[in-house]
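Participant: Input structure: protein.pdb, which contains PDB, C-alpha atoms.
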ATOM      1  CA  MET Q 133      81.763 102.160 101.524
ATOM      2  CA  GLY Q 134      79.907 105.470 101.045
ATOM      3  CA  THR Q 135      81.255 108.576  99.366
ATOM      4  CA  ALA Q 136      81.810 110.382 102.689
ATOM      5  CA  ALA Q 137      83.765 107.446 104.136
ATOM      6  CA  ALA Q 138      85.855 107.137 100.966
ATOM      7  CA  LEU Q 139      86.694 110.834 100.992
ATOM      8  CA  GLU Q 140      87.502 110.657 104.693
ATOM      9  CA  LYS Q 141      89.995 107.883 104.135
ATOM     10  CA  LEU Q 142      91.469 109.811 101.207
ATOM     11  CA  VAL Q 143      92.521 112.734 103.445
ATOM     12  CA  PRO Q 144      95.933 111.253 104.494
ATOM     13  CA  VAL Q 145      96.704 110.469 100.835
ATOM     14  CA  LEU Q 146      95.817 113.997  99.743
ATOM     15  CA  LEU Q 147      97.751 115.504 102.669
ATOM     16  CA  ALA Q 148     101.018 113.718 101.820
ATOM     17  CA  PHE Q 149     100.617 114.170  98.059
ATOM     18  CA  GLY Q 150      99.338 117.756  98.264
ATOM     19  CA  GLY Q 151     102.041 118.721 100.744
ATOM     20  CA  GLY Q 152     104.683 117.693  98.232
ATOM     21  CA  VAL Q 153     103.000 119.676  95.461
ATOM     22  CA  LEU Q 154     102.653 122.790  97.631
ATOM     23  CA  LEU Q 155     106.218 122.749  98.972
ATOM     24  CA  ALA Q 156     107.641 122.235  95.487
ATOM     25  CA  ARG Q 157     105.513 125.035  94.003
ATOM     26  CA  ARG Q 158     106.612 127.423  96.778
ATOM     27  CA  LYS Q 159     110.203 126.211  96.325
ATOM     28  CA  THR Q 160     110.412 125.472 100.051
ATOM     29  CA  VAL Q 161     111.679 122.018  99.116
ATOM     30  CA  PRO Q 162     113.388 121.712  95.700
ATOM     31  CA  ALA Q 163     111.446 119.512  93.280
ATOM     32  CA  GLU Q 164     114.727 117.748  92.448
ATOM     33  CA  ALA Q 165     114.641 116.288  95.959
ATOM     34  CA  SER Q 166     111.756 114.069  94.834
ATOM     35  CA  LYS Q 167     114.293 111.602  93.451
ATOM     36  CA  ALA Q 168     115.976 111.233  96.842
ATOM     37  CA  PHE Q 169     112.636 110.699  98.593
ATOM     38  CA  ALA Q 170     111.490 108.289  95.879
ATOM     39  CA  ASP Q 171     114.762 106.339  96.032
ATOM     40  CA  TYR Q 172     114.437 106.035  99.802
ATOM     41  CA  ALA Q 173     110.892 104.692  99.432
ATOM     42  CA  PHE Q 174     111.618 102.333  96.536
ATOM     43  CA  LEU Q 175     115.062 101.067  97.573
ATOM     44  CA  PHE Q 176     114.606 100.869 101.344
ATOM     45  CA  ALA Q 177     111.243 101.659 102.977
ATOM     46  CA  VAL Q 178     108.938  99.687 100.655
ATOM     47  CA  PRO Q 179     111.221  96.584 100.670
ATOM     48  CA  CYS Q 180     111.290  96.717 104.490
ATOM     49  CA  TYR Q 181     107.495  96.931 104.593
ATOM     50  CA  LEU Q 182     107.041  94.091 102.100
ATOM     51  CA  PHE Q 183     109.595  91.826 103.775
ATOM     52  CA  GLY Q 184     108.140  92.195 107.265
ATOM     53  CA  ASN Q 185     104.543  91.744 106.179
ATOM     54  CA  ILE Q 186     105.152  88.780 103.862
ATOM     55  CA  TYR Q 187     107.276  87.053 106.516
ATOM     56  CA  ALA Q 188     104.445  87.395 109.048
ATOM     57  CA  SER Q 189     101.598  86.573 106.635
ATOM     58  CA  ASP Q 190      99.606  83.414 106.076
ATOM     59  CA  LEU Q 191     100.876  82.622 102.577
ATOM     60  CA  GLY Q 192      97.942  80.324 101.916
ATOM     61  CA  ALA Q 193      95.553  83.238 102.339
ATOM     62  CA  LEU Q 194      97.906  85.766 100.771
ATOM     63  CA  PHE Q 195      98.380  83.899  97.486
ATOM     64  CA  ASN Q 196      94.798  83.341  96.415
ATOM     65  CA  TRP Q 197      95.670  81.565  93.169
ATOM     66  CA  HIS Q 198      92.135  81.683  91.802
ATOM     67  CA  ALA Q 199      91.968  85.476  92.228
ATOM     68  CA  ILE Q 200      95.509  86.058  90.967
ATOM     69  CA  GLY Q 201      94.906  83.798  87.964
ATOM     70  CA  ALA Q 202      91.837  85.865  87.109
ATOM     71  CA  TYR Q 203      93.861  89.073  87.318
ATOM     72  CA  VAL Q 204      96.573  87.594  85.093
ATOM     73  CA  ALA Q 205      93.903  86.690  82.527
ATOM     74  CA  ALA Q 206      92.557  90.271  82.616
ATOM     75  CA  ALA Q 207      96.072  91.684  82.242
ATOM     76  CA  ALA Q 208      96.819  89.367  79.310
ATOM     77  CA  LEU Q 209      93.643  90.491  77.555
ATOM     78  CA  ALA Q 210      94.573  94.135  78.193
ATOM     79  CA  VAL Q 211      98.037  93.538  76.698
ATOM     80  CA  LEU Q 212      96.478  92.118  73.522
ATOM     81  CA  LEU Q 213      94.043  95.034  73.244
ATOM     82  CA  ILE Q 214      96.771  97.661  73.570
ATOM     83  CA  ALA Q 215      99.115  95.833  71.195
ATOM     84  CA  PHE Q 216      96.326  95.557  68.613
ATOM     85  CA  ALA Q 217      95.345  99.228  69.015
ATOM     86  CA  SER Q 218      98.989 100.321  68.716
ATOM     87  CA  GLY Q 219      99.427  98.318  65.527
ATOM     88  CA  ALA Q 220      96.163  99.695  64.118
ATOM     89  CA  ARG Q 221      97.391 103.262  64.516
ATOM     90  CA  GLY Q 222     100.704 102.509  62.796
ATOM     91  CA  THR Q 223     103.047 101.770  65.713
ATOM     92  CA  ARG Q 224     105.408  99.087  64.421
ATOM     93  CA  ASP Q 225     108.553  99.274  66.574
ATOM     94  CA  PRO Q 226     108.248  96.525  69.246
ATOM     95  CA  ARG Q 227     109.841  98.871  71.794
ATOM     96  CA  ASP Q 228     107.149 101.507  71.250
ATOM     97  CA  VAL Q 229     104.441  98.869  71.571
ATOM     98  CA  ALA Q 230     106.037  97.490  74.763
ATOM     99  CA  LEU Q 231     106.151 101.002  76.238
ATOM    100  CA  ARG Q 232     102.435 101.504  75.578
ATOM    101  CA  VAL Q 233     101.591  98.085  76.994
ATOM    102  CA  MET Q 234     103.455  98.957  80.180
ATOM    103  CA  ALA Q 235     101.660 102.320  80.379
ATOM    104  CA  GLY Q 236      98.221 100.735  80.049
ATOM    105  CA  VAL Q 237      98.588  97.508  82.027
ATOM    106  CA  GLN Q 238     101.249  97.848  84.718
ATOM    107  CA  VAL Q 239     100.332  99.681  87.901
ATOM    108  CA  ASN Q 240     102.257 101.914  90.269
ATOM    109  CA  THR Q 241     102.567  99.563  93.220
ATOM    110  CA  ALA Q 242     105.451 100.906  95.329
ATOM    111  CA  TYR Q 243     104.703 104.625  95.096
ATOM    112  CA  PHE Q 244     100.891 104.573  94.879
ATOM    113  CA  ALA Q 245      99.139 101.255  95.500
ATOM    114  CA  VAL Q 246     101.030 100.400  98.704
ATOM    115  CA  PRO Q 247     100.298 103.719 100.455
ATOM    116  CA  VAL Q 248      96.685 103.760  99.223
ATOM    117  CA  PHE Q 249      95.997 100.196 100.408
ATOM    118  CA  ILE Q 250      97.614 100.865 103.781
ATOM    119  CA  THR Q 251      95.417 103.942 104.185
ATOM    120  CA  PHE Q 252      92.153 102.285 103.142
ATOM    121  CA  PHE Q 253      92.571  98.683 104.313
ATOM    122  CA  GLY Q 254      95.359  98.848 106.894
ATOM    123  CA  THR Q 255      97.504  96.452 104.856
ATOM    124  CA  ALA Q 256      99.102  96.194 101.426
ATOM    125  CA  ALA Q 257      99.252  92.381 101.508
ATOM    126  CA  PRO Q 258      96.884  91.827  98.523
ATOM    127  CA  ILE Q 259      99.319  93.763  96.340
ATOM    128  CA  PHE Q 260     102.240  91.379  96.906
ATOM    129  CA  PRO Q 261     101.224  88.615  94.448
ATOM    130  CA  VAL Q 262     100.328  91.151  91.754
ATOM    131  CA  LEU Q 263     103.607  92.981  92.349
ATOM    132  CA  LEU Q 264     105.584  89.764  91.828
ATOM    133  CA  PHE Q 265     103.613  89.013  88.654
ATOM    134  CA  GLN Q 266     104.355  92.505  87.361
ATOM    135  CA  VAL Q 267     108.066  92.448  88.057
ATOM    136  CA  CYS Q 268     108.762  88.817  87.197
ATOM    137  CA  VAL Q 269     106.558  88.630  84.076
ATOM    138  CA  LEU Q 270     105.313  91.942  82.676
ATOM    139  CA  SER Q 271     108.418  94.025  83.443
ATOM    140  CA  LEU Q 272     110.634  91.190  82.280
ATOM    141  CA  VAL Q 273     108.883  91.124  78.892
ATOM    142  CA  VAL Q 274     109.132  94.916  78.531
ATOM    143  CA  ILE Q 275     112.795  95.118  79.569
ATOM    144  CA  SER Q 276     113.713  92.178  77.327
ATOM    145  CA  THR Q 277     111.976  93.819  74.358
ATOM    146  CA  MET Q 278     113.836  97.063  75.050
ATOM    147  CA  GLU Q 279     117.192  95.333  75.414
ATOM    148  CA  LEU Q 280     116.824  93.226  72.288
ATOM    149  CA  GLY Q 281     115.726  96.218  70.215
ATOM    150  CA  ARG Q 282     118.399  98.551  71.498
ATOM    151  CA  ALA Q 283     120.198 100.379  68.687
ATOM    152  CA  GLY Q 284     123.983 100.453  68.641
ATOM    153  CA  GLU Q 285     124.360  97.884  71.407
ATOM    154  CA  THR Q 286     127.817  96.340  71.203
ATOM    155  CA  SER Q 287     128.235  94.764  74.636
ATOM    156  CA  GLY Q 288     127.026  91.301  73.731
ATOM    157  CA  GLY Q 289     124.578  89.409  71.573
ATOM    158  CA  PRO Q 290     120.836  88.990  72.087
ATOM    159  CA  GLY Q 291     121.304  86.157  74.580
ATOM    160  CA  ARG Q 292     123.621  88.161  76.784
ATOM    161  CA  ARG Q 293     121.407  91.240  76.666
ATOM    162  CA  LEU Q 294     118.374  89.105  77.516
ATOM    163  CA  SER Q 295     120.144  87.539  80.508
ATOM    164  CA  ARG Q 296     121.095  91.026  81.707
ATOM    165  CA  ALA Q 297     117.452  92.089  81.434
ATOM    166  CA  VAL Q 298     116.295  89.054  83.437
ATOM    167  CA  GLY Q 299     118.937  89.654  86.107
ATOM    168  CA  ALA Q 300     118.101  93.357  86.397
ATOM    169  CA  SER Q 301     114.397  92.608  86.759
ATOM    170  CA  LEU Q 302     114.814  89.951  89.433
ATOM    171  CA  ALA Q 303     117.490  91.826  91.411
ATOM    172  CA  THR Q 304     115.385  94.875  92.304
ATOM    173  CA  PRO Q 305     115.121  95.459  96.098
ATOM    174  CA  VAL Q 306     111.334  95.045  96.027
ATOM    175  CA  VAL Q 307     111.532  91.589  94.418
ATOM    176  CA  LEU Q 308     114.425  90.502  96.639
ATOM    177  CA  ALA Q 309     112.486  91.577  99.745
ATOM    178  CA  CYS Q 310     109.350  89.697  98.639
ATOM    179  CA  ASN Q 311     111.277  86.537  97.811
ATOM    180  CA  ALA Q 312     113.244  86.685 101.070
ATOM    181  CA  GLY Q 313     110.029  87.062 103.053
ATOM    182  CA  ILE Q 314     108.433  84.118 101.226
ATOM    183  CA  VAL Q 315     111.451  81.832 101.671
ATOM    184  CA  LEU Q 316     111.924  82.583 105.391
ATOM    185  CA  ASN Q 317     108.177  82.202 105.940
ATOM    186  CA  LEU Q 318     108.060  78.808 104.203
ATOM    187  CA  LEU Q 319     111.156  77.591 106.089
ATOM    188  CA  SER Q 320     109.698  78.830 109.392
ATOM    189  CA  VAL Q 321     112.950  80.647 110.164
ATOM    190  CA  HIS Q 322     112.656  82.558 113.434
ATOM    191  CA  LEU Q 323     113.727  86.187 113.191
ATOM    192  CA  PRO Q 324     114.409  88.235 116.337
ATOM    193  CA  LYS Q 325     111.631  90.644 117.270
ATOM    194  CA  VAL Q 326     114.050  93.554 117.084
ATOM    195  CA  VAL Q 327     114.640  92.823 113.381
ATOM    196  CA  LEU Q 328     110.924  92.740 112.582
ATOM    197  CA  ASP Q 329     110.299  95.864 114.683
ATOM    198  CA  GLY Q 330     113.071  97.650 112.788
ATOM    199  CA  ALA Q 331     111.620  96.629 109.424
ATOM    200  CA  ALA Q 332     108.161  97.775 110.562
ATOM    201  CA  PHE Q 333     109.533 101.121 111.776
ATOM    202  CA  VAL Q 334     111.172 101.848 108.419
ATOM    203  CA  GLY Q 335     108.315 100.317 106.431
ATOM    204  CA  ASP Q 336     105.732 102.567 108.084
ATOM    205  CA  SER Q 337     107.434 105.553 106.453
ATOM    206  CA  ALA Q 338     107.021 104.118 102.937
ATOM    207  CA  SER Q 339     103.460 105.311 102.426
ATOM    208  CA  PRO Q 340     103.768 109.042 103.226
ATOM    209  CA  ILE Q 341     107.272 109.382 101.761
ATOM    210  CA  ALA Q 342     106.266 107.792  98.436
ATOM    211  CA  LEU Q 343     103.229 110.049  98.081
ATOM    212  CA  PHE Q 344     105.226 113.109  99.155
ATOM    213  CA  ALA Q 345     107.883 112.322  96.522
ATOM    214  CA  LEU Q 346     105.206 112.010  93.843
ATOM    215  CA  GLY Q 347     103.746 115.354  94.917
ATOM    216  CA  LEU Q 348     107.165 117.028  94.808
ATOM    217  CA  HIS Q 349     107.711 115.720  91.290
ATOM    218  CA  LEU Q 350     104.332 116.962  90.086
ATOM    219  CA  GLY Q 351     104.801 120.334  91.780
ATOM    220  CA  GLY Q 352     108.112 120.768  90.012
ATOM    221  CA  VAL Q 353     107.173 119.806  86.449
ATOM    222  CA  GLY Q 354     103.601 121.135  86.487
ATOM    223  CA  LEU Q 355     100.640 119.706  84.620
ATOM    224  CA  ASP Q 356     100.123 120.708  80.991
ATOM    225  CA  VAL Q 357      96.519 119.638  80.426
ATOM    226  CA  ARG Q 358      96.037 121.585  77.193
ATOM    227  CA  GLY Q 359      98.977 119.857  75.537
ATOM    228  CA  THR Q 360      97.582 116.371  76.111
ATOM    229  CA  SER Q 361      97.555 114.406  72.850
ATOM    230  CA  ARG Q 362      94.784 112.054  71.756
ATOM    231  CA  GLU Q 363      97.044 109.068  72.285
ATOM    232  CA  GLU Q 364      97.820 110.188  75.831
ATOM    233  CA  MET Q 365      94.123 110.628  76.585
ATOM    234  CA  ALA Q 366      93.370 107.179  75.154
ATOM    235  CA  LEU Q 367      96.094 105.490  77.216
ATOM    236  CA  ILE Q 368      95.091 107.330  80.402
ATOM    237  CA  ALA Q 369      91.432 106.437  79.832
ATOM    238  CA  PHE Q 370      92.380 102.798  79.286
ATOM    239  CA  LYS Q 371      94.596 102.693  82.391
ATOM    240  CA  CYS Q 372      92.261 104.522  84.762
ATOM    241  CA  LEU Q 373      88.857 103.407  83.453
ATOM    242  CA  ALA Q 374      88.919 100.571  80.920
ATOM    243  CA  PHE Q 375      91.453  98.329  82.679
ATOM    244  CA  PRO Q 376      89.663  98.410  86.076
ATOM    245  CA  LEU Q 377      86.364  97.667  84.333
ATOM    246  CA  LEU Q 378      88.016  94.855  82.393
ATOM    247  CA  ALA Q 379      89.472  93.474  85.641
ATOM    248  CA  TRP Q 380      86.007  93.570  87.220
ATOM    249  CA  ALA Q 381      84.374  91.828  84.233
ATOM    250  CA  VAL Q 382      87.027  89.104  83.924
ATOM    251  CA  CYS Q 383      87.642  88.491  87.633
ATOM    252  CA  GLY Q 384      83.991  88.800  88.733
ATOM    253  CA  PRO Q 385      81.404  87.504  86.237
ATOM    254  CA  LEU Q 386      83.872  85.374  84.249
ATOM    255  CA  PHE Q 387      86.084  83.807  86.946
ATOM    256  CA  GLY Q 388      83.665  84.129  89.864
ATOM    257  CA  VAL Q 389      85.956  86.073  92.205
ATOM    258  CA  ARG Q 390      83.832  87.627  94.949
ATOM    259  CA  GLY Q 391      84.112  89.688  98.122
ATOM    260  CA  ASP Q 392      87.270  91.436  99.258
ATOM    261  CA  TRP Q 393      89.492  89.978  96.559
ATOM    262  CA  LEU Q 394      87.342  91.394  93.772
ATOM    263  CA  THR Q 395      87.592  94.804  95.447
ATOM    264  CA  TYR Q 396      91.367  94.472  95.795
ATOM    265  CA  LEU Q 397      91.924  93.458  92.171
ATOM    266  CA  VAL Q 398      89.752  96.212  90.699
ATOM    267  CA  LEU Q 399      91.465  98.845  92.858
ATOM    268  CA  ILE Q 400      94.906  97.521  91.921
ATOM    269  CA  ALA Q 401      93.971  97.767  88.241
ATOM    270  CA  ALA Q 402      92.790 101.343  88.860
ATOM    271  CA  MET Q 403      96.218 102.442  90.090
ATOM    272  CA  PRO Q 404      98.171 104.771  87.761
ATOM    273  CA  THR Q 405     100.981 104.071  85.312
ATOM    274  CA  PRO Q 406     104.225 103.227  87.179
ATOM    275  CA  GLN Q 407     107.124 105.656  87.429
ATOM    276  CA  ASN Q 408     109.385 102.921  86.063
ATOM    277  CA  LEU Q 409     107.848 103.650  82.665
ATOM    278  CA  PHE Q 410     109.748 106.943  82.600
ATOM    279  CA  VAL Q 411     112.917 105.243  83.895
ATOM    280  CA  TYR Q 412     112.821 102.660  81.107
ATOM    281  CA  ALA Q 413     111.955 105.285  78.476
ATOM    282  CA  GLN Q 414     114.983 107.352  79.479
ATOM    283  CA  ARG Q 415     117.299 104.380  79.583
ATOM    284  CA  TYR Q 416     116.302 103.057  76.161
ATOM    285  CA  ASP Q 417     115.485 106.460  74.567
ATOM    286  CA  VAL Q 418     111.940 105.478  73.608
ATOM    287  CA  GLY Q 419     108.945 107.825  74.051
ATOM    288  CA  VAL Q 420     110.521 109.834  76.885
ATOM    289  CA  ASP Q 421     108.104 112.794  76.718
ATOM    290  CA  LEU Q 422     105.084 110.521  76.307
ATOM    291  CA  SER Q 423     106.041 108.373  79.292
ATOM    292  CA  ALA Q 424     106.670 111.373  81.588
ATOM    293  CA  SER Q 425     103.280 112.836  80.707
ATOM    294  CA  LEU Q 426     101.463 109.525  81.219
ATOM    295  CA  VAL Q 427     103.006 108.922  84.650
ATOM    296  CA  ILE Q 428     102.033 112.347  85.955
ATOM    297  CA  LYS Q 429      98.575 112.658  84.405
ATOM    298  CA  SER Q 430      97.471 109.097  85.152
ATOM    299  CA  SER Q 431      98.510 109.651  88.802
ATOM    300  CA  VAL Q 432      96.275 112.715  89.056
ATOM    301  CA  VAL Q 433      93.330 111.012  87.307
ATOM    302  CA  SER Q 434      93.667 107.882  89.465
ATOM    303  CA  LEU Q 435      93.710 109.971  92.626
ATOM    304  CA  LEU Q 436      90.552 111.799  91.551
ATOM    305  CA  LEU Q 437      88.766 108.533  90.674
ATOM    306  CA  LEU Q 438      89.676 106.682  93.885
ATOM    307  CA  PRO Q 439      86.480 107.618  95.787
ATOM    308  CA  LEU Q 440      84.395 106.490  92.799
ATOM    309  CA  TRP Q 441      86.069 103.082  92.609
ATOM    310  CA  LEU Q 442      85.884 102.607  96.379
ATOM    311  CA  GLN Q 443      82.211 103.415  96.451
ATOM    312  CA  THR Q 444      81.519 101.197  93.422
ATOM    313  CA  VAL Q 445      83.441  98.032  94.303
ATOM    314  CA  ALA Q 446      83.524  98.234  98.083
ATOM    315  CA  GLY Q 447      80.052  99.641  98.600
TER     316      GLY Q 447
END
Output the file's structure in the form of structure tokens.

Facilitator:
Amino acid sequence: MGTAAALEKLVPVLLAFGGGVLLARRKTVPAEASKAFADYAFLFAVPCYLFGNIYASDLGALFNWHAIGAYVAAAALAVLLIAFASGARGTRDPRDVALRVMAGVQVNTAYFAVPVFITFFGTAAPIFPVLLFQVCVLSLVVISTMELGRAGETSGGPGRRLSRAVGASLATPVVLACNAGIVLNLLSVHLPKVVLDGAAFVGDSASPIALFALGLHLGGVGLDVRGTSREEMALIAFKCLAFPLLAWAVCGPLFGVRGDWLTYLVLIAAMPTPQNLFVYAQRYDVGVDLSASLVIKSSVVSLLLLPLWLQTVAG
């Protein structure tokens, strides 16, 4: 894919995202409304999209275990690199390390990857297996670390807090929608066309609404580039540059993944830090300012680098 074609396909993304920024800056739409738009996308529209598409997909083709295994290996290596780097610079609290691992390895699937993949490829299906891996493994490890290290927690011992973390991770609407789609697909349960049409109608709104919400949020808080710390720059560089390159090296030359799946995995790795990082930071009172800055700035950098990655891996 050439530069012109990549930029052409980027126009809808920039329109939805930029519209949110502009309306928030002009105070036409209050920036605080971004939460309502984001909640609609995350809790309703994205689950509807995922459910309908997984239910109608060929699971054999969707779950390419060789490709997904390669991505898991790349993510595991990235986790070790960030954990080692955090320890080398004096970060000892497991919760702080877990927060940095999440910032550098997890990707913004619901709010960023899904709309981008729909725009460029017409489907977000390749994201589904990675999304399940993130929520059921990576997020579970992060949430469990946060719960177990929580100061002043009196509502149960470590085992109870860990079970709560597992339940919270697996009960998110996105995971429930994916699992429901997989189960009904495997059981060959027939769903009325009106149900699937309804899910598709709502799901089609996920992409623009998620990007618009992100734009509203950015337009409201602004972007303090001058105040970016060295650690922030290092984490953003790892997330937006080093991790995609690592995914390419591990999945391609090392594991032999080729064609479309190599493109998908590199682009998924190039997605920005997830908004859930800020949610978890607020909930557990760990690195709140750092997480907010990383979510916003990595989103901007990822958006700017999208044409480069598309031209490189899909060209």

Participant: Please tell me which residues are no farther than 10 Å from (90.6, 98.0, 90.8) in the file, counting all atoms listed in the file, and write them as a list in words.

Facilitator: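 Those residues, ordered by chain and then number, are Cys372, Leu373, Phe375, Pro376, Leu377, Leu378, Ala379, Trp380, Trp393, Leu394, Thr395, Tyr396, Leu397, Val398, Leu399, Ile400, Ala401, Ala402, Met403, Leu438, Trp441, Leu442, Thr444 and Val445 of chain Q.
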
Participant: Could you write out as a VMD selection string the residues that the PyMOL selection byres ((chain Q and resi 165-169) around 12) matches in the shown file?

Facilitator: chain Q and resid 149 152 to 153 155 to 156 159 to 164 170 to 178 243 337 to 353 407 411

Participant: Sort by chain and increasing residue number a table of all residues of stretch 317-391 of chain Q within 10 Å of stretch 182-185 of chain Q, each with its closest pair of atoms and their distance in Å to one decimal, counting all atoms listed in the file, and write it as a tab-separated table.

Facilitator:
residue	atom	partner	partner_atom	distance
Q:Asn317	CA	Q:Phe183	CA	10.0
Q:Val327	CA	Q:Gly184	CA	8.9
Q:Leu328	CA	Q:Gly184	CA	6.0
Q:Asp329	CA	Q:Gly184	CA	8.6
Q:Gly330	CA	Q:Gly184	CA	9.2
Q:Ala331	CA	Q:Gly184	CA	6.0
Q:Ala332	CA	Q:Gly184	CA	6.5
Q:Gly335	CA	Q:Leu182	CA	7.7

Participant: By how many Å are atom CA of Q:Ile186 and atom CA of Q:Phe260 apart?

Facilitator: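 Separating atom CA of Q:Ile186 from atom CA of Q:Phe260 is a distance of 8.0 Å.
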
Participant: Excluding Q:Ala207 and its own-chain neighbours fewer than 4 positions away, which residues fall within 10 Å of it when counting all atoms listed in the file? Please give them as a PDB file with C-alpha atoms, in the coordinates of the input.

Facilitator:
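Now in around_39.pdb:
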ATOM      1  CA  GLY Q 201      94.906  83.798  87.964  1.00  0.00           C
ATOM      2  CA  ALA Q 202      91.837  85.865  87.109  1.00  0.00           C
ATOM      3  CA  TYR Q 203      93.861  89.073  87.318  1.00  0.00           C
ATOM      4  CA  VAL Q 211      98.037  93.538  76.698  1.00  0.00           C
ATOM      5  CA  LEU Q 212      96.478  92.118  73.522  1.00  0.00           C
ATOM      6  CA  LEU Q 213      94.043  95.034  73.244  1.00  0.00           C
ATOM      7  CA  VAL Q 233     101.591  98.085  76.994  1.00  0.00           C
ATOM      8  CA  GLY Q 236      98.221 100.735  80.049  1.00  0.00           C
ATOM      9  CA  VAL Q 237      98.588  97.508  82.027  1.00  0.00           C
ATOM     10  CA  GLN Q 238     101.249  97.848  84.718  1.00  0.00           C
ATOM     11  CA  GLN Q 266     104.355  92.505  87.361  1.00  0.00           C
ATOM     12  CA  LEU Q 270     105.313  91.942  82.676  1.00  0.00           C
ATOM     13  CA  PHE Q 375      91.453  98.329  82.679  1.00  0.00           C
ATOM     14  CA  LEU Q 378      88.016  94.855  82.393  1.00  0.00           C
ATOM     15  CA  ALA Q 379      89.472  93.474  85.641  1.00  0.00           C
ATOM     16  CA  VAL Q 382      87.027  89.104  83.924  1.00  0.00           C
ATOM     17  CA  ALA Q 401      93.971  97.767  88.241  1.00  0.00           C
TER      18      ALA Q 401
END

Participant: Applying the PyMOL selection byres ((chain Q and resi 235) around 9) to the file I just gave you, which residues come out? Please list them as a ChimeraX atom specification.

Facilitator: /Q:230-234,236-239,367-368,371,404-406,409,423,426-427

Participant: Which value, in Å to one decimal, gives the distance between atom CA of Q:Ala206 and atom CA of Q:Ser430?

Facilitator: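 Between these atoms lies a distance of 19.6 Å.
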
Participant: Could the centre and edge lengths of an axis-aligned box, enclosing all atoms of stretch 269-272 of chain Q in the file with 5 Å extra on each side, be given in Å to one decimal as JSON?

Facilitator:
{"center_x": 108.0, "center_y": 91.3, "center_z": 83.2, "size_x": 15.3, "size_y": 15.4, "size_z": 11.8}

Participant: Would you mind listing what lies within 12 Å of Q:Asp190 as a PyMOL selection string, with all atoms listed in the file counted and same-chain residues fewer than 3 positions away left out?

Facilitator: chain Q and resi 185-187+193-196+257-258+313-314+317-318+320

Participant: How many Å separate atom CA of Q:Val432 from atom CA of Q:Ala208?

Facilitator: 25.3 Å

Participant: When distances are computed from all atoms listed in the file, which of Q:Ser271, Q:Gly291, Q:Met278, Q:Thr360 shows the smallest separation from Q:Pro226?

Facilitator: Q:Met278

Participant: Point out the residue among Q:Ser431, Q:Thr251, Q:Ser218, Q:Ser361 with the least atom-to-atom distance to Q:Val143, counting only C-alpha atoms.

Facilitator: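 Answer, going by the shortest atom-to-atom distance: Q:Thr251.
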
Participant: Using only C-alpha atoms for the distances, tell me which of Q:Leu316, Q:Val321, Q:Leu263, Q:Ala199 is nearest to Q:Gly388.

Facilitator: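 Closest to Q:Gly388, using only C-alpha atoms: Q:Ala199.
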
Participant: Hey, which of Q:Thr304, Q:Ser276, Q:Asn408, Q:Thr241 ends up closest to Q:Ala424? Count only C-alpha atoms.

Facilitator: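 Of Q:Thr304, Q:Ser276, Q:Asn408, Q:Thr241, the one nearest Q:Ala424 is Q:Asn408, counting only C-alpha atoms.
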
Participant: Which residue is closest to Q:Asp336? Choose from Q:Phe253, Q:Cys180, Q:Arg358, Q:Gly150 and count all atoms listed in the file.

Facilitator: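 Selected residue with least distance to Q:Asp336: Q:Cys180.
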
Participant: May I ask which of the residues Q:Ala242, Q:Val229, Q:Ala366, Q:Ala215 is the closest one to Q:Gly419, counting all atoms listed in the file?

Facilitator: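 Among the listed residues, the smallest separation from Q:Gly419 belongs to Q:Val229.
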